[in-house]
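Raw structure.pdb, PDB, C-alpha atoms:
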ATOM      1  CA  ASP T  71       0.000   0.000   0.000  1.00  0.00           C
ATOM      2  CA  ASP T  72       2.816   2.441   0.825  1.00  0.00           C
ATOM      3  CA  ALA T  73       4.629   1.734  -2.438  1.00  0.00           C
ATOM      4  CA  VAL T  74       1.449   2.254  -4.451  1.00  0.00           C
ATOM      5  CA  ARG T  75       0.735   5.552  -2.683  1.00  0.00           C
ATOM      6  CA  LEU T  76       4.326   6.701  -3.252  1.00  0.00           C
ATOM      7  CA  VAL T  77       4.126   5.998  -6.988  1.00  0.00           C
ATOM      8  CA  TRP T  78       0.691   7.627  -7.193  1.00  0.00           C
ATOM      9  CA  ASP T  79       1.976  10.752  -5.408  1.00  0.00           C
ATOM     10  CA  ALA T  80       5.017  10.976  -7.665  1.00  0.00           C
ATOM     11  CA  ILE T  81       2.867  10.776 -10.794  1.00  0.00           C
ATOM     12  CA  ALA T  82       0.090  13.002  -9.510  1.00  0.00           C
ATOM     13  CA  LEU T  83       2.369  15.724  -8.167  1.00  0.00           C
ATOM     14  CA  HIS T  84       5.003  15.959 -10.892  1.00  0.00           C
ATOM     15  CA  THR T  85       3.104  18.853 -12.548  1.00  0.00           C
ATOM     16  CA  THR T  86       1.840  20.545  -9.391  1.00  0.00           C
ATOM     17  CA  ILE T  87       4.062  23.383  -8.222  1.00  0.00           C
ATOM     18  CA  GLY T  88       4.847  23.770  -4.537  1.00  0.00           C
ATOM     19  CA  VAL T  89       3.934  20.365  -3.099  1.00  0.00           C
ATOM     20  CA  ALA T  90       6.351  17.633  -4.180  1.00  0.00           C
ATOM     21  CA  GLN T  91       9.386  19.041  -2.373  1.00  0.00           C
ATOM     22  CA  TYR T  92       7.580  18.439   0.928  1.00  0.00           C
ATOM     23  CA  LYS T  93       6.822  14.800   0.183  1.00  0.00           C
ATOM     24  CA  GLU T  94       9.072  11.732   0.231  1.00  0.00           C
ATOM     25  CA  PRO T  95      12.464  12.026  -1.523  1.00  0.00           C
ATOM     26  CA  GLU T  96      11.252   9.881  -4.442  1.00  0.00           C
ATOM     27  CA  VAL T  97       8.342  12.248  -5.104  1.00  0.00           C
ATOM     28  CA  ALA T  98      10.600  15.308  -4.864  1.00  0.00           C
ATOM     29  CA  LEU T  99      13.152  13.659  -7.166  1.00  0.00           C
ATOM     30  CA  ILE T 100      10.577  12.948  -9.890  1.00  0.00           C
ATOM     31  CA  TYR T 101       9.328  16.539  -9.669  1.00  0.00           C
ATOM     32  CA  SER T 102      12.871  17.933  -9.827  1.00  0.00           C
ATOM     33  CA  GLY T 103      13.835  15.646 -12.704  1.00  0.00           C
ATOM     34  CA  VAL T 104      10.795  16.681 -14.714  1.00  0.00           C
ATOM     35  CA  GLY T 105      11.496  20.355 -13.968  1.00  0.00           C
ATOM     36  CA  TYR T 106      15.077  19.937 -15.133  1.00  0.00           C
ATOM     37  CA  ASP T 107      14.193  17.998 -18.271  1.00  0.00           C
ATOM     38  CA  VAL T 108      11.160  20.012 -19.350  1.00  0.00           C
ATOM     39  CA  MET T 109      11.858  23.572 -18.184  1.00  0.00           C
ATOM     40  CA  GLY T 110      15.589  23.564 -17.521  1.00  0.00           C
ATOM     41  CA  GLU T 111      15.215  24.252 -13.799  1.00  0.00           C
ATOM     42  CA  ASN T 112      18.664  24.214 -12.172  1.00  0.00           C
ATOM     43  CA  TYR T 113      20.162  23.705 -15.645  1.00  0.00           C
ATOM     44  CA  GLU T 114      23.614  24.811 -14.537  1.00  0.00           C
ATOM     45  CA  GLY T 115      23.514  22.298 -11.676  1.00  0.00           C
ATOM     46  CA  ILE T 116      24.721  19.632 -14.086  1.00  0.00           C
ATOM     47  CA  SER T 117      27.906  20.290 -16.012  1.00  0.00           C
ATOM     48  CA  GLU T 118      27.877  20.861 -19.749  1.00  0.00           C
ATOM     49  CA  GLU T 119      30.000  17.740 -20.181  1.00  0.00           C
ATOM     50  CA  VAL T 120      27.458  15.544 -18.382  1.00  0.00           C
ATOM     51  CA  ARG T 121      24.544  17.166 -20.237  1.00  0.00           C
ATOM     52  CA  GLU T 122      26.261  16.446 -23.564  1.00  0.00           C
ATOM     53  CA  GLN T 123      26.832  12.812 -22.561  1.00  0.00           C
ATOM     54  CA  VAL T 124      23.198  12.365 -21.552  1.00  0.00           C
ATOM     55  CA  VAL T 125      21.863  13.991 -24.733  1.00  0.00           C
ATOM     56  CA  ALA T 126      24.246  11.882 -26.849  1.00  0.00           C
ATOM     57  CA  ALA T 127      22.841   8.741 -25.204  1.00  0.00           C
ATOM     58  CA  PHE T 128      19.240  10.012 -25.146  1.00  0.00           C
ATOM     59  CA  PRO T 129      18.711  12.568 -27.950  1.00  0.00           C
ATOM     60  CA  ARG T 130      15.971  15.086 -27.243  1.00  0.00           C
ATOM     61  CA  GLY T 131      14.550  14.958 -30.796  1.00  0.00           C
ATOM     62  CA  ASP T 132      13.265  18.560 -30.923  1.00  0.00           C
ATOM     63  CA  PHE T 133      11.759  18.003 -27.480  1.00  0.00           C
ATOM     64  CA  LYS T 134      11.254  21.698 -26.777  1.00  0.00           C
ATOM     65  CA  ASN T 135       8.988  22.113 -29.799  1.00  0.00           C
ATOM     66  CA  LYS T 136       7.110  18.821 -29.480  1.00  0.00           C
ATOM     67  CA  ILE T 137       6.466  18.401 -25.756  1.00  0.00           C
ATOM     68  CA  LEU T 138       3.553  20.840 -25.404  1.00  0.00           C
ATOM     69  CA  HIS T 139       1.635  19.144 -28.218  1.00  0.00           C
ATOM     70  CA  ALA T 140       2.388  15.743 -26.691  1.00  0.00           C
ATOM     71  CA  PHE T 141       1.072  16.982 -23.332  1.00  0.00           C
ATOM     72  CA  LEU T 142      -2.084  18.277 -24.966  1.00  0.00           C
ATOM     73  CA  GLU T 143      -2.815  14.920 -26.579  1.00  0.00           C
ATOM     74  CA  GLY T 144      -2.922  13.407 -23.099  1.00  0.00           C
ATOM     75  CA  PHE T 145      -5.726  15.657 -21.868  1.00  0.00           C
ATOM     76  CA  ARG T 146      -7.307  17.258 -24.931  1.00  0.00           C
ATOM     77  CA  HIS T 147     -10.423  15.132 -24.320  1.00  0.00           C
ATOM     78  CA  LYS T 148     -10.683  16.269 -20.671  1.00  0.00           C
ATOM     79  CA  PRO T 149      -9.274  19.805 -20.344  1.00  0.00           C
ATOM     80  CA  GLU T 150     -11.327  20.409 -17.198  1.00  0.00           C
ATOM     81  CA  THR T 151      -8.856  18.164 -15.347  1.00  0.00           C
ATOM     82  CA  THR T 152      -6.091  20.734 -15.857  1.00  0.00           C
ATOM     83  CA  PHE T 153      -7.529  23.135 -13.252  1.00  0.00           C
ATOM     84  CA  GLY T 154      -4.934  23.984 -10.638  1.00  0.00           C
ATOM     85  CA  ASN T 155      -1.816  22.790 -12.418  1.00  0.00           C
ATOM     86  CA  ILE T 156       0.530  23.732 -15.241  1.00  0.00           C
ATOM     87  CA  LYS T 157      -1.380  21.722 -17.851  1.00  0.00           C
ATOM     88  CA  ALA T 158      -3.957  24.544 -17.996  1.00  0.00           C
ATOM     89  CA  ASP T 159      -1.189  26.686 -19.520  1.00  0.00           C
ATOM     90  CA  VAL T 160      -0.847  24.147 -22.351  1.00  0.00           C
ATOM     91  CA  CYS T 161      -4.597  24.179 -22.993  1.00  0.00           C
ATOM     92  CA  GLU T 162      -4.643  27.975 -23.004  1.00  0.00           C
ATOM     93  CA  LEU T 163      -1.829  28.100 -25.565  1.00  0.00           C
ATOM     94  CA  LEU T 164      -2.892  25.258 -27.874  1.00  0.00           C
ATOM     95  CA  LEU T 165      -6.643  24.605 -27.524  1.00  0.00           C
ATOM     96  CA  PRO T 166      -8.651  27.121 -29.539  1.00  0.00           C
ATOM     97  CA  GLY T 167     -11.496  28.520 -27.474  1.00  0.00           C
ATOM     98  CA  TYR T 168     -10.250  27.070 -24.198  1.00  0.00           C
ATOM     99  CA  LYS T 169     -10.947  29.236 -21.169  1.00  0.00           C
ATOM    100  CA  ARG T 170      -9.152  28.178 -18.029  1.00  0.00           C
ATOM    101  CA  THR T 171     -11.179  27.696 -14.876  1.00  0.00           C
ATOM    102  CA  SER T 172     -10.508  30.497 -12.429  1.00  0.00           C
ATOM    103  CA  PHE T 173     -10.442  29.792  -8.717  1.00  0.00           C
ATOM    104  CA  CYS T 174     -11.890  33.273  -8.216  1.00  0.00           C
ATOM    105  CA  ASP T 175     -14.858  32.414 -10.458  1.00  0.00           C
ATOM    106  CA  CYS T 176     -15.367  29.194  -8.500  1.00  0.00           C
ATOM    107  CA  VAL T 177     -15.583  31.174  -5.261  1.00  0.00           C
ATOM    108  CA  LEU T 178     -17.677  34.031  -6.592  1.00  0.00           C
ATOM    109  CA  HIS T 179     -20.128  31.731  -8.407  1.00  0.00           C
ATOM    110  CA  SER T 180     -20.501  29.158  -5.667  1.00  0.00           C
ATOM    111  CA  PRO T 181     -24.063  28.362  -4.557  1.00  0.00           C
ATOM    112  CA  TRP T 182     -23.472  30.067  -1.192  1.00  0.00           C
ATOM    113  CA  LYS T 183     -25.495  33.250  -0.670  1.00  0.00           C
ATOM    114  CA  GLU T 184     -22.645  34.936   1.182  1.00  0.00           C
TER     115      GLU T 184
END
This entry written out as structure tokens:
Amino acid sequence: DDAVRLVWDAIALHTTIGVAQYKEPEVALIYSGVGYDVMGENYEGISEEVREQVVAAFPRGDFKNKILHAFLEGFRHKPETTFGNIKADVCELLLPGYKRTSFCDCVLHSPWKE
């Protein structure tokens, strides 16, 4: 049960800013690795020599220009699930007519009278 929860947390939190670093080291590591690979966070933390070796072994294949479209294909059919994480940014950029859910709208349009 603990291993399943750990894997679930790592997957669920790898695109949610501000949470993973407070979880188990494995969850934080996945988040940091994704941040490094996708957005170049802490890019200079790994030497140019090591980066070149990694890219030689695992070419990025125009990653920077393809990744957002690949992300979108994973949730194009359910964009409402992107509320509260960075995937909403992808929908806003690439899905014509998409309007991100606003937390403020959720509060202001709740069924509560006050």
Subject >> Residues selected by the PyMOL selection byres ((chain T and resi 101) around 12), written as JSON, numbers by chain >> reply: {"T": [79, 80, 81, 82, 83, 84, 85, 86, 87, 88, 89, 90, 91, 92, 93, 94, 95, 96, 97, 98, 99, 100, 102, 103, 104, 105, 106, 107, 108, 109, 111]}
Selection export as a compact mmCIF listing (two decimals), in the frame of the given file, atoms kept: C-alpha atoms:
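Wrote again29.txt, looks like this:
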# COMPACT_ATOMS: atom_id res chain seq x y z
CA ASP T 79 1.98 10.75 -5.41
CA ALA T 80 5.02 10.98 -7.66
CA ILE T 81 2.87 10.78 -10.79
CA ALA T 82 0.09 13.00 -9.51
CA LEU T 83 2.37 15.72 -8.17
CA HIS T 84 5.00 15.96 -10.89
CA THR T 85 3.10 18.85 -12.55
CA THR T 86 1.84 20.54 -9.39
CA ILE T 87 4.06 23.38 -8.22
CA GLY T 88 4.85 23.77 -4.54
CA VAL T 89 3.93 20.36 -3.10
CA ALA T 90 6.35 17.63 -4.18
CA GLN T 91 9.39 19.04 -2.37
CA TYR T 92 7.58 18.44 0.93
CA LYS T 93 6.82 14.80 0.18
CA GLU T 94 9.07 11.73 0.23
CA PRO T 95 12.46 12.03 -1.52
CA GLU T 96 11.25 9.88 -4.44
CA VAL T 97 8.34 12.25 -5.10
CA ALA T 98 10.60 15.31 -4.86
CA LEU T 99 13.15 13.66 -7.17
CA ILE T 100 10.58 12.95 -9.89
CA SER T 102 12.87 17.93 -9.83
CA GLY T 103 13.84 15.65 -12.70
CA VAL T 104 10.80 16.68 -14.71
CA GLY T 105 11.50 20.36 -13.97
CA TYR T 106 15.08 19.94 -15.13
CA ASP T 107 14.19 18.00 -18.27
CA VAL T 108 11.16 20.01 -19.35
CA MET T 109 11.86 23.57 -18.18
CA GLU T 111 15.22 24.25 -13.80
Original post:
Between CA of Asp72 in chain T and CA of Glu150 in chain T, what is the distance, to one decimal in Å?
Top reply: 29.1 Å
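Counting all atoms listed in the file, the residue from T:Glu184, T:Ile116, T:Leu164, T:Arg121 that sits nearest to Ala140 in chain T is T:Leu164.
Residue nearest Gly154 in chain T, chosen from T:His139, T:Cys174, T:Phe133, T:Val124 and counting all atoms listed in the file: T:Cys174.
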Original post:
Any idea what's packed within 12 Å of Thr171 in chain T, counting all atoms listed in the file, ignoring anything in its chain fewer than 3 positions away? Could you give it as a PyMOL selection string?
Top reply: chain T and resi 149-155+157-159+161-162+168+174-177+179
**OP:** Measure the distance from CA of Val160 in chain T to CA of Ala126 in chain T in Å and round it to one decimal.
**Re:** 28.3 Å
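Between CA of Glu118 in chain T and CA of Asn135 in chain T the separation is 21.4 Å.
Each of T:Ala127, T:Val120, T:Ile156, T:Val77 was compared to Phe141 in chain T using all atoms listed in the file, and T:Ile156 turns out to be the nearest.
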